[in-house]
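> Sharing final-v3.csv here; it has CSV, C-alpha atoms and all ligand atoms.
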```csv
chain,number,residue,atom,x,y,z
A,332,MET,CA,-15.7,-40.4,-3.3
A,333,SER,CA,-19.2,-41.7,-3.1
A,334,GLY,CA,-22.2,-39.6,-4.3
A,335,ARG,CA,-23.0,-38.5,-0.8
A,336,SER,CA,-22.2,-34.9,-0.1
A,337,ALA,CA,-21.8,-33.5,3.4
A,338,ALA,CA,-23.7,-30.4,2.2
A,339,ALA,CA,-27.2,-31.4,1.3
A,340,ALA,CA,-28.3,-29.2,-1.6
A,341,ASP,CA,-31.7,-28.2,-0.1
A,342,LEU,CA,-30.5,-27.7,3.5
A,343,ARG,CA,-31.2,-24.4,5.1
A,344,VAL,CA,-31.0,-22.7,8.5
A,345,TYR,CA,-33.3,-20.0,9.8
A,346,ALA,CA,-32.1,-17.9,12.7
A,347,LEU,CA,-35.0,-17.1,15.0
A,348,ASP,CA,-35.0,-14.3,17.5
A,349,THR,CA,-36.2,-16.0,20.7
A,350,GLY,CA,-35.8,-13.3,23.2
A,351,LEU,CA,-33.6,-10.7,24.9
A,352,ILE,CA,-31.9,-10.8,28.2
A,353,GLN,CA,-31.3,-7.5,30.1
A,354,CYS,CA,-28.6,-8.1,32.6
A,355,ALA,CA,-27.6,-5.7,35.3
A,356,ASP,CA,-24.3,-7.4,36.0
A,357,TYR,CA,-22.6,-8.7,32.9
A,358,ALA,CA,-19.6,-9.8,35.0
A,359,LEU,CA,-21.7,-12.9,35.7
A,360,TYR,CA,-21.1,-13.8,32.1
A,361,SER,CA,-18.0,-12.1,30.8
A,362,PRO,CA,-14.7,-12.1,32.8
A,363,ALA,CA,-13.8,-8.9,30.9
A,364,ALA,CA,-16.7,-6.9,32.3
A,365,PRO,CA,-16.4,-4.9,35.5
A,366,PRO,CA,-19.0,-5.8,38.2
A,367,GLY,CA,-22.3,-4.0,37.8
A,368,THR,CA,-22.0,-3.5,34.0
A,369,TYR,CA,-25.3,-3.4,32.3
A,370,ALA,CA,-25.6,-5.5,29.1
A,371,GLU,CA,-28.2,-6.9,26.8
A,372,MET,CA,-27.8,-10.4,25.4
A,373,SER,CA,-29.6,-11.7,22.3
A,374,VAL,CA,-31.1,-15.2,22.3
A,375,ARG,CA,-31.4,-17.3,19.2
A,376,SER,CA,-33.0,-20.6,18.2
A,377,TYR,CA,-32.4,-22.1,14.8
A,378,LEU,CA,-34.7,-24.0,12.5
A,379,VAL,CA,-32.7,-26.5,10.4
A,380,VAL,CA,-34.7,-27.6,7.4
A,381,HIS,CA,-33.4,-30.9,6.0
A,382,ARG,CA,-35.1,-33.0,3.4
A,383,ASP,CA,-35.7,-35.7,6.0
A,384,GLY,CA,-37.3,-33.4,8.6
A,385,LEU,CA,-37.1,-30.2,10.7
A,386,LEU,CA,-34.8,-29.8,13.6
A,387,LEU,CA,-35.2,-26.9,16.0
A,388,TRP,CA,-32.0,-26.0,17.8
A,389,ASP,CA,-33.0,-24.7,21.2
A,390,THR,CA,-36.4,-23.3,22.1
A,391,GLY,CA,-35.4,-19.9,23.5
A,392,ILE,CA,-37.2,-17.9,26.2
A,393,ALA,CA,-40.9,-18.8,26.8
A,394,ASP,CA,-43.4,-17.2,24.4
A,395,SER,CA,-45.7,-16.5,27.4
A,396,ILE,CA,-43.4,-13.6,28.4
A,397,ALA,CA,-44.4,-11.8,25.2
A,398,GLU,CA,-47.6,-10.9,26.9
A,399,GLN,CA,-45.7,-8.9,29.6
A,400,PRO,CA,-44.9,-5.5,28.1
A,401,ASP,CA,-42.0,-4.9,30.5
A,402,GLY,CA,-40.8,-8.5,30.3
A,403,GLU,CA,-40.4,-10.8,33.2
A,404,ARG,CA,-38.0,-10.0,36.0
A,405,LEU,CA,-36.3,-13.3,37.0
A,406,ASN,CA,-34.3,-11.8,39.9
A,407,GLN,CA,-32.3,-8.7,40.8
A,408,THR,CA,-30.0,-8.9,37.8
A,409,HIS,CA,-32.1,-10.4,35.0
A,410,VAL,CA,-35.1,-9.4,32.9
A,411,PHE,CA,-36.3,-11.6,30.1
A,412,ARG,CA,-38.2,-10.1,27.1
A,413,VAL,CA,-39.8,-11.7,24.1
A,414,PRO,CA,-40.6,-9.2,21.4
A,415,VAL,CA,-41.9,-11.8,18.9
A,416,THR,CA,-43.0,-15.3,19.8
A,417,LEU,CA,-41.2,-18.5,18.5
A,418,ARG,CA,-44.6,-19.8,17.4
A,419,ALA,CA,-45.3,-16.6,15.3
A,420,GLN,CA,-41.8,-16.8,13.7
A,421,LEU,CA,-42.3,-20.5,12.7
A,422,GLU,CA,-45.8,-19.7,11.3
A,423,ALA,CA,-44.4,-16.8,9.3
A,424,ILE,CA,-42.1,-19.2,7.5
A,425,GLY,CA,-44.9,-21.8,7.0
A,426,HIS,CA,-44.3,-24.2,9.8
A,427,ALA,CA,-46.5,-25.2,12.7
A,428,PRO,CA,-44.8,-26.3,16.0
A,429,ALA,CA,-46.2,-29.8,15.3
A,430,ASP,CA,-44.1,-30.0,12.1
A,431,VAL,CA,-40.9,-30.1,14.2
A,432,GLY,CA,-39.9,-33.7,14.8
A,433,LEU,CA,-36.6,-33.1,16.5
A,434,LEU,CA,-35.5,-30.6,19.1
A,435,GLY,CA,-31.8,-30.3,19.4
A,436,LEU,CA,-30.8,-28.8,22.8
A,437,SER,CA,-27.5,-27.2,23.3
A,438,HIS,CA,-28.1,-27.5,27.1
A,439,LEU,CA,-31.0,-27.2,29.5
A,440,HIS,CA,-30.7,-23.7,30.9
A,441,ILE,CA,-33.9,-21.7,31.1
A,442,ASP,CA,-33.2,-19.4,28.1
A,443,HIS,CA,-32.7,-22.5,25.8
A,444,VAL,CA,-35.7,-24.6,26.8
A,445,GLY,CA,-38.5,-22.0,27.2
A,446,ASN,CA,-41.0,-23.4,24.8
A,447,LEU,CA,-40.7,-27.1,25.2
A,448,ASP,CA,-44.5,-27.3,25.8
A,449,LEU,CA,-45.1,-26.2,22.2
A,450,PHE,CA,-43.5,-29.5,21.0
A,451,PRO,CA,-45.1,-32.4,22.9
A,452,GLY,CA,-44.6,-34.8,20.0
A,453,ALA,CA,-41.0,-34.0,19.2
A,454,THR,CA,-37.9,-36.0,20.2
A,455,ALA,CA,-35.4,-34.0,22.2
A,456,LEU,CA,-31.7,-34.7,21.3
A,457,MET,CA,-29.1,-33.9,23.9
A,458,GLN,CA,-25.8,-35.2,25.1
A,459,GLN,CA,-25.9,-38.1,27.5
A,460,ALA,CA,-23.8,-36.1,29.9
A,461,GLU,CA,-26.4,-33.3,29.8
A,462,TYR,CA,-29.2,-35.7,30.6
A,463,ASP,CA,-27.3,-37.3,33.4
A,464,ALA,CA,-26.4,-33.9,35.0
A,465,ALA,CA,-29.8,-32.2,34.5
A,466,PHE,CA,-31.8,-35.2,35.8
A,467,GLY,CA,-29.3,-36.3,38.4
A,468,PRO,CA,-29.2,-35.6,42.2
A,469,ASP,CA,-26.9,-32.6,41.8
A,470,ALA,CA,-28.9,-30.7,39.1
A,471,GLU,CA,-29.2,-27.4,41.1
A,472,GLU,CA,-25.6,-27.5,42.1
A,473,LEU,CA,-24.7,-27.9,38.4
A,474,THR,CA,-26.7,-24.7,37.6
A,475,TYR,CA,-29.9,-26.2,36.4
A,476,ILE,CA,-33.5,-25.2,37.3
A,477,PRO,CA,-35.4,-28.5,36.8
A,478,GLU,CA,-38.8,-26.8,36.6
A,479,ALA,CA,-37.5,-25.1,33.4
A,480,TYR,CA,-37.4,-28.4,31.5
A,481,ALA,CA,-40.1,-30.2,33.4
A,482,ALA,CA,-42.2,-30.3,30.2
A,483,LEU,CA,-39.6,-32.7,28.6
A,484,ASP,CA,-41.1,-36.1,27.9
A,485,ARG,CA,-38.4,-38.4,29.4
A,486,ASN,CA,-39.6,-41.1,26.9
A,487,ARG,CA,-38.9,-38.9,24.0
A,488,ILE,CA,-35.2,-38.1,24.6
A,489,GLN,CA,-32.5,-39.2,22.3
A,490,LYS,CA,-29.2,-39.3,24.2
A,491,VAL,CA,-26.0,-39.1,22.2
A,492,ALA,CA,-22.4,-39.2,23.2
A,493,GLY,CA,-20.0,-36.8,21.3
A,494,GLY,CA,-20.4,-36.2,17.6
A,495,HIS,CA,-23.7,-37.5,16.2
A,496,ASP,CA,-24.6,-37.4,12.6
A,497,VAL,CA,-28.3,-36.3,12.9
A,498,PHE,CA,-29.6,-37.2,9.4
A,499,GLY,CA,-27.0,-39.7,8.5
A,500,ASP,CA,-25.5,-37.7,5.6
A,501,GLY,CA,-22.9,-35.7,7.4
A,502,ALA,CA,-24.7,-32.4,6.9
A,503,VAL,CA,-25.9,-31.8,10.5
A,504,VAL,CA,-23.6,-33.1,13.3
A,505,THR,CA,-23.5,-32.5,17.0
A,506,VAL,CA,-20.3,-31.2,18.5
A,507,PRO,CA,-19.7,-31.8,22.2
A,508,LEU,CA,-18.6,-28.5,23.8
A,509,PRO,CA,-18.7,-29.2,27.6
A,510,GLY,CA,-17.8,-26.8,30.3
A,511,HIS,CA,-20.7,-24.3,30.4
A,512,THR,CA,-22.7,-27.3,31.6
A,513,PRO,CA,-21.5,-31.0,31.7
A,514,GLY,CA,-23.1,-31.9,28.4
A,515,HIS,CA,-23.2,-28.6,26.6
A,516,GLN,CA,-23.0,-29.1,22.8
A,517,GLY,CA,-23.0,-27.2,19.5
A,518,LEU,CA,-24.4,-28.1,16.1
A,519,LEU,CA,-22.3,-28.1,13.0
A,520,VAL,CA,-24.3,-27.5,9.8
A,521,ALA,CA,-22.8,-27.9,6.4
A,522,LEU,CA,-24.8,-25.5,4.2
A,523,PRO,CA,-24.5,-25.7,0.4
A,524,GLU,CA,-23.9,-21.9,-0.2
A,525,THR,CA,-23.0,-20.5,3.1
A,526,GLY,CA,-20.5,-23.2,4.1
A,527,ARG,CA,-20.1,-24.8,7.5
A,528,VAL,CA,-21.6,-23.0,10.5
A,529,LEU,CA,-21.2,-24.0,14.1
A,530,LEU,CA,-24.2,-23.1,16.3
A,531,ALA,CA,-22.0,-22.7,19.3
A,532,GLY,CA,-24.6,-22.2,22.1
A,533,ASP,CA,-23.1,-20.7,25.2
A,534,LEU,CA,-19.5,-21.6,24.4
A,535,ALA,CA,-18.8,-17.9,25.1
A,536,TYR,CA,-21.1,-14.9,25.6
A,537,SER,CA,-19.2,-12.7,23.2
A,538,VAL,CA,-16.9,-12.9,20.2
A,539,ALA,CA,-14.3,-11.0,22.2
A,540,ASP,CA,-14.3,-13.5,25.1
A,541,TYR,CA,-14.2,-16.4,22.6
A,542,THR,CA,-11.3,-14.8,20.7
A,543,ALA,CA,-9.4,-14.1,24.0
A,544,GLY,CA,-10.2,-17.6,25.3
A,545,ALA,CA,-11.7,-15.9,28.4
A,546,VAL,CA,-13.9,-18.4,30.2
A,547,ARG,CA,-16.9,-17.5,32.3
A,548,ARG,CA,-16.1,-18.1,35.9
A,549,LEU,CA,-19.5,-19.6,36.7
A,550,ASN,CA,-19.2,-22.4,34.2
A,551,VAL,CA,-19.3,-25.8,35.8
A,552,ASP,CA,-15.9,-26.9,34.4
A,553,LEU,CA,-13.4,-24.3,33.5
A,554,ASP,CA,-10.8,-26.6,32.0
A,555,ALA,CA,-13.4,-28.3,29.8
A,556,SER,CA,-14.6,-24.8,28.8
A,557,ARG,CA,-11.1,-23.8,27.6
A,558,GLU,CA,-10.8,-27.1,25.7
A,559,SER,CA,-14.2,-26.5,24.1
A,560,ILE,CA,-13.1,-23.0,22.9
A,561,GLU,CA,-9.9,-24.6,21.5
A,562,ALA,CA,-12.1,-27.2,19.7
A,563,ALA,CA,-14.2,-24.5,18.2
A,564,ARG,CA,-11.1,-22.5,17.2
A,565,ALA,CA,-9.8,-25.6,15.4
A,566,LEU,CA,-13.0,-25.8,13.5
A,567,GLU,CA,-12.9,-22.1,12.7
A,568,ALA,CA,-9.3,-22.5,11.4
A,569,SER,CA,-10.7,-25.1,9.0
A,570,GLY,CA,-13.2,-22.6,7.6
A,571,VAL,CA,-16.2,-23.0,9.9
A,572,GLU,CA,-18.2,-19.8,10.9
A,573,ILE,CA,-18.8,-19.6,14.7
A,574,TRP,CA,-22.2,-18.2,15.7
A,575,LEU,CA,-22.3,-17.0,19.3
A,576,HIS,CA,-26.0,-16.3,19.8
A,577,HIS,CA,-25.8,-14.3,23.0
A,578,ASP,CA,-23.5,-11.7,21.4
A,579,ILE,CA,-26.1,-9.0,20.5
A,580,ASP,CA,-23.6,-7.0,18.3
A,581,ALA,CA,-22.5,-10.1,16.4
A,582,GLN,CA,-26.1,-11.2,15.9
A,583,ARG,CA,-27.0,-7.9,14.2
A,584,GLU,CA,-24.8,-9.2,11.3
A,585,ILE,CA,-26.8,-12.5,11.1
A,586,GLU,CA,-30.2,-12.2,9.3
A,587,THR,CA,-33.2,-13.6,11.2
A,588,ALA,CA,-36.2,-15.3,9.7
A,589,PRO,CA,-37.9,-15.0,7.2
A,590,GLY,CA,-34.5,-14.7,5.7
A,591,TYR,CA,-32.4,-17.9,5.8
A,592,TYR,CA,-29.0,-19.3,5.1
A,593,GLY,CA,-28.8,-22.0,2.4
B,1,ZN,ZN,-27.8,-19.2,27.3
```
Could I get this file's structure written as structure tokens?

Amino acid sequence: MSGRSAAAADLRVYALDTGLIQCADYALYSPAAPPGTYAEMSVRSYLVVHRDGLLLWDTGIADSIAEQPDGERLNQTHVFRVPVTLRAQLEAIGHAPADVGLLGLSHLHIDHVGNLDLFPGATALMQQAEYDAAFGPDAEELTYIPEAYAALDRNRIQKVAGGHDVFGDGAVVTVPLPGHTPGHQGLLVALPETGRVLLAGDLAYSVADYTAGAVRRLNVDLDASRESIEAARALEASGVEIWLHHDIDAQREIETAPGYYG
């Protein structure tokens, strides 16, 4: 073995609470839910602190919604709320948005790209397939709202295909998990104390659906979704913890900043 370890000794992950989704029809997300079921979904972003730089994984729901006491109603079935802004959470742990050099994006849905305008100097890392779909002619058909990521500087996008070793030491690696969107991805972080954690994005909306292999019907590719769940399960079987950020009950067990996982 060389001296390089896959778990960098000073690596840490902060879970940031980047909003709450109140949904009047959870059947849109979970095949197990009867139509018209009310549910709340958590939203998380993650600050990965590596000796070579800061990576923010997803940017959550827009901070501007924090100014609306009743949240923002998107449509008949969805209200977005932001109890604490992303900016305030970063500042509370000693980081300004300008310190973030790299934005890792699981995918380009509105609850994952809400604060891109806070990071004009950052490079956004996404799967090539996500870029092609979200900026292609069929974006709306593929469930994107292009205005949601209009703030992305197209000259500052790093497109990767499949697993990409972000810092070159094996500690932070992208994991393609397509299906929810064409280029949906997770991030595998090898923490020195906590062990390996997969930030699994919207692989499934609940631990129950993930465990049952129940795929959301509105995903763009149901077969790919099933295969992505299988891929995550294979990682879990090898000792990886799977973090499903929209599962509000599961998230109560995961400490948010200023606490962190090292
Ligand atoms: Zn989402």
> Counting only C-alpha atoms, which residues of stretch 476-587 of chain A sit at most 12 Å from some atom of stretch 461-470 of chain A, and what is each one's closest atom pair with its distance in Å to one decimal, listed by chain and rising residue number, as JSON lines?

```
{"residue": "A:Ile476", "atom": "CA", "partner": "A:Ala470", "partner_atom": "CA", "distance": 7.4}
{"residue": "A:Pro477", "atom": "CA", "partner": "A:Ala465", "partner_atom": "CA", "distance": 7.1}
{"residue": "A:Glu478", "atom": "CA", "partner": "A:Ala465", "partner_atom": "CA", "distance": 10.7}
{"residue": "A:Ala479", "atom": "CA", "partner": "A:Ala465", "partner_atom": "CA", "distance": 10.5}
{"residue": "A:Tyr480", "atom": "CA", "partner": "A:Ala465", "partner_atom": "CA", "distance": 9.0}
{"residue": "A:Ala481", "atom": "CA", "partner": "A:Phe466", "partner_atom": "CA", "distance": 10.0}
{"residue": "A:Leu483", "atom": "CA", "partner": "A:Phe466", "partner_atom": "CA", "distance": 10.9}
{"residue": "A:Arg485", "atom": "CA", "partner": "A:Tyr462", "partner_atom": "CA", "distance": 9.7}
{"residue": "A:Ile488", "atom": "CA", "partner": "A:Tyr462", "partner_atom": "CA", "distance": 8.8}
{"residue": "A:Gln489", "atom": "CA", "partner": "A:Tyr462", "partner_atom": "CA", "distance": 9.6}
{"residue": "A:Lys490", "atom": "CA", "partner": "A:Tyr462", "partner_atom": "CA", "distance": 7.3}
{"residue": "A:Val491", "atom": "CA", "partner": "A:Glu461", "partner_atom": "CA", "distance": 9.6}
{"residue": "A:Ala492", "atom": "CA", "partner": "A:Glu461", "partner_atom": "CA", "distance": 9.7}
{"residue": "A:Gly493", "atom": "CA", "partner": "A:Glu461", "partner_atom": "CA", "distance": 11.2}
{"residue": "A:Pro507", "atom": "CA", "partner": "A:Glu461", "partner_atom": "CA", "distance": 10.2}
{"residue": "A:Leu508", "atom": "CA", "partner": "A:Glu461", "partner_atom": "CA", "distance": 10.9}
{"residue": "A:Pro509", "atom": "CA", "partner": "A:Glu461", "partner_atom": "CA", "distance": 9.0}
{"residue": "A:Gly510", "atom": "CA", "partner": "A:Glu461", "partner_atom": "CA", "distance": 10.8}
{"residue": "A:His511", "atom": "CA", "partner": "A:Glu461", "partner_atom": "CA", "distance": 10.7}
{"residue": "A:Thr512", "atom": "CA", "partner": "A:Glu461", "partner_atom": "CA", "distance": 7.3}
{"residue": "A:Pro513", "atom": "CA", "partner": "A:Glu461", "partner_atom": "CA", "distance": 5.7}
{"residue": "A:Gly514", "atom": "CA", "partner": "A:Glu461", "partner_atom": "CA", "distance": 3.8}
{"residue": "A:His515", "atom": "CA", "partner": "A:Glu461", "partner_atom": "CA", "distance": 6.5}
{"residue": "A:Gln516", "atom": "CA", "partner": "A:Glu461", "partner_atom": "CA", "distance": 8.8}
{"residue": "A:Val551", "atom": "CA", "partner": "A:Ala464", "partner_atom": "CA", "distance": 10.8}
```
> I'd like the neighbourhood of A:Gln582 as JSON, numbers by chain, where a residue qualifies if any of its atoms comes within 9 Å (using all atoms listed in the file), though same-chain residues fewer than 6 positions away should be ignored.
{"A": [373, 375, 574, 575, 576]}
> Check which residues of chain A sit at most 8 Å from ligand ZN 1 (chain B) using all atoms listed in the file, and return one row each with the closest pair of atoms and their distance in Å to one decimal, ordered by chain and rising number, as CSV.

```
residue,atom,partner,partner_atom,distance
A:Val374,CA,B:ZN1,ZN,7.2
A:His440,CA,B:ZN1,ZN,6.5
A:Ile441,CA,B:ZN1,ZN,7.6
A:Asp442,CA,B:ZN1,ZN,5.5
A:His443,CA,B:ZN1,ZN,6.1
A:Gly532,CA,B:ZN1,ZN,6.8
A:Asp533,CA,B:ZN1,ZN,5.4
A:His577,CA,B:ZN1,ZN,6.8
```
> How would the residues just chosen look if you wrote them out with C-alpha atoms as a compact mmCIF listing (two decimals), keeping the file's coordinate frame?

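Okay, part-v1.txt is ready:
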```
# COMPACT_ATOMS: atom_id res chain seq x y z
CA VAL A 374 -31.10 -15.20 22.30
CA HIS A 440 -30.70 -23.70 30.90
CA ILE A 441 -33.90 -21.70 31.10
CA ASP A 442 -33.20 -19.40 28.10
CA HIS A 443 -32.70 -22.50 25.80
CA GLY A 532 -24.60 -22.20 22.10
CA ASP A 533 -23.10 -20.70 25.20
CA HIS A 577 -25.80 -14.30 23.00
```
> Contacts of stretch 392-404 of chain A at 10 Å or less, counting only C-alpha atoms, minus same-chain residues fewer than 4 places along, as a PyMOL selection string?
chain A and resi 348-353+374-376+408-419+440-449+479
> Extract, using all atoms listed in the file, all DNA, RNA and protein residues at most 10 Å from stretch 519-526 of chain A, discarding same-chain residues fewer than 5 positions from it, and format them as a PyMOL selection string.
chain A and resi 336-344+379+494+496+501-506+531+566+570-573+592-593
> Need the shell around A:Asn486: protein/DNA/RNA residues with any atom at most 12 Å away, counting all atoms listed in the file. Skip same-chain ones fewer than 5 positions apart. Format as a list in words?
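After dropping sequence-adjacent residues, the list is Pro451, Gly452, Ala453, Thr454, Ala455 and Leu456 of chain A.
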> Could you write out the selected residues, including C-alpha atoms, as a CSV table (one decimal), in the frame of the given file?

```
chain,number,residue,atom,x,y,z
A,451,PRO,CA,-45.1,-32.4,22.9
A,452,GLY,CA,-44.6,-34.8,20.0
A,453,ALA,CA,-41.0,-34.0,19.2
A,454,THR,CA,-37.9,-36.0,20.2
A,455,ALA,CA,-35.4,-34.0,22.2
A,456,LEU,CA,-31.7,-34.7,21.3
```
> Which is closer to A:Ser437 than all the others in A:Met457, A:Ala581, A:Leu359, A:Ile560, using only C-alpha atoms?
A:Met457
> Find the residues around A:Tyr377 up to 9 Å (only C-alpha atoms counted), leave out those fewer than 4 positions away in its own chain, and share them as a list in words.
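Counting only the stated atoms, we get Val344, Tyr345, Ala346, Leu347, Asp348, Leu386, Leu387, Trp388, Asp389, Thr390 and Leu530 of chain A.
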> I need every residue sitting at most 12 Å from the point (-45.8, -23.7, 11.9) (coordinates as in the file, only C-alpha atoms considered), written as an mmCIF file with C-alpha atoms, in the coordinates of the input.

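Heads up, here's the output in point08.cif:
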```
data_model
loop_
_atom_site.group_PDB
_atom_site.id
_atom_site.type_symbol
_atom_site.label_atom_id
_atom_site.label_comp_id
_atom_site.auth_asym_id
_atom_site.auth_seq_id
_atom_site.Cartn_x
_atom_site.Cartn_y
_atom_site.Cartn_z
ATOM 1 C CA LEU A 378 -34.700 -24.000 12.500
ATOM 2 C CA LEU A 385 -37.100 -30.200 10.700
ATOM 3 C CA LEU A 387 -35.200 -26.900 16.000
ATOM 4 C CA THR A 416 -43.000 -15.300 19.800
ATOM 5 C CA LEU A 417 -41.200 -18.500 18.500
ATOM 6 C CA ARG A 418 -44.600 -19.800 17.400
ATOM 7 C CA ALA A 419 -45.300 -16.600 15.300
ATOM 8 C CA GLN A 420 -41.800 -16.800 13.700
ATOM 9 C CA LEU A 421 -42.300 -20.500 12.700
ATOM 10 C CA GLU A 422 -45.800 -19.700 11.300
ATOM 11 C CA ALA A 423 -44.400 -16.800 9.300
ATOM 12 C CA ILE A 424 -42.100 -19.200 7.500
ATOM 13 C CA GLY A 425 -44.900 -21.800 7.000
ATOM 14 C CA HIS A 426 -44.300 -24.200 9.800
ATOM 15 C CA ALA A 427 -46.500 -25.200 12.700
ATOM 16 C CA PRO A 428 -44.800 -26.300 16.000
ATOM 17 C CA ALA A 429 -46.200 -29.800 15.300
ATOM 18 C CA ASP A 430 -44.100 -30.000 12.100
ATOM 19 C CA VAL A 431 -40.900 -30.100 14.200
ATOM 20 C CA GLY A 432 -39.900 -33.700 14.800
ATOM 21 C CA LEU A 449 -45.100 -26.200 22.200
ATOM 22 C CA PHE A 450 -43.500 -29.500 21.000
#
```
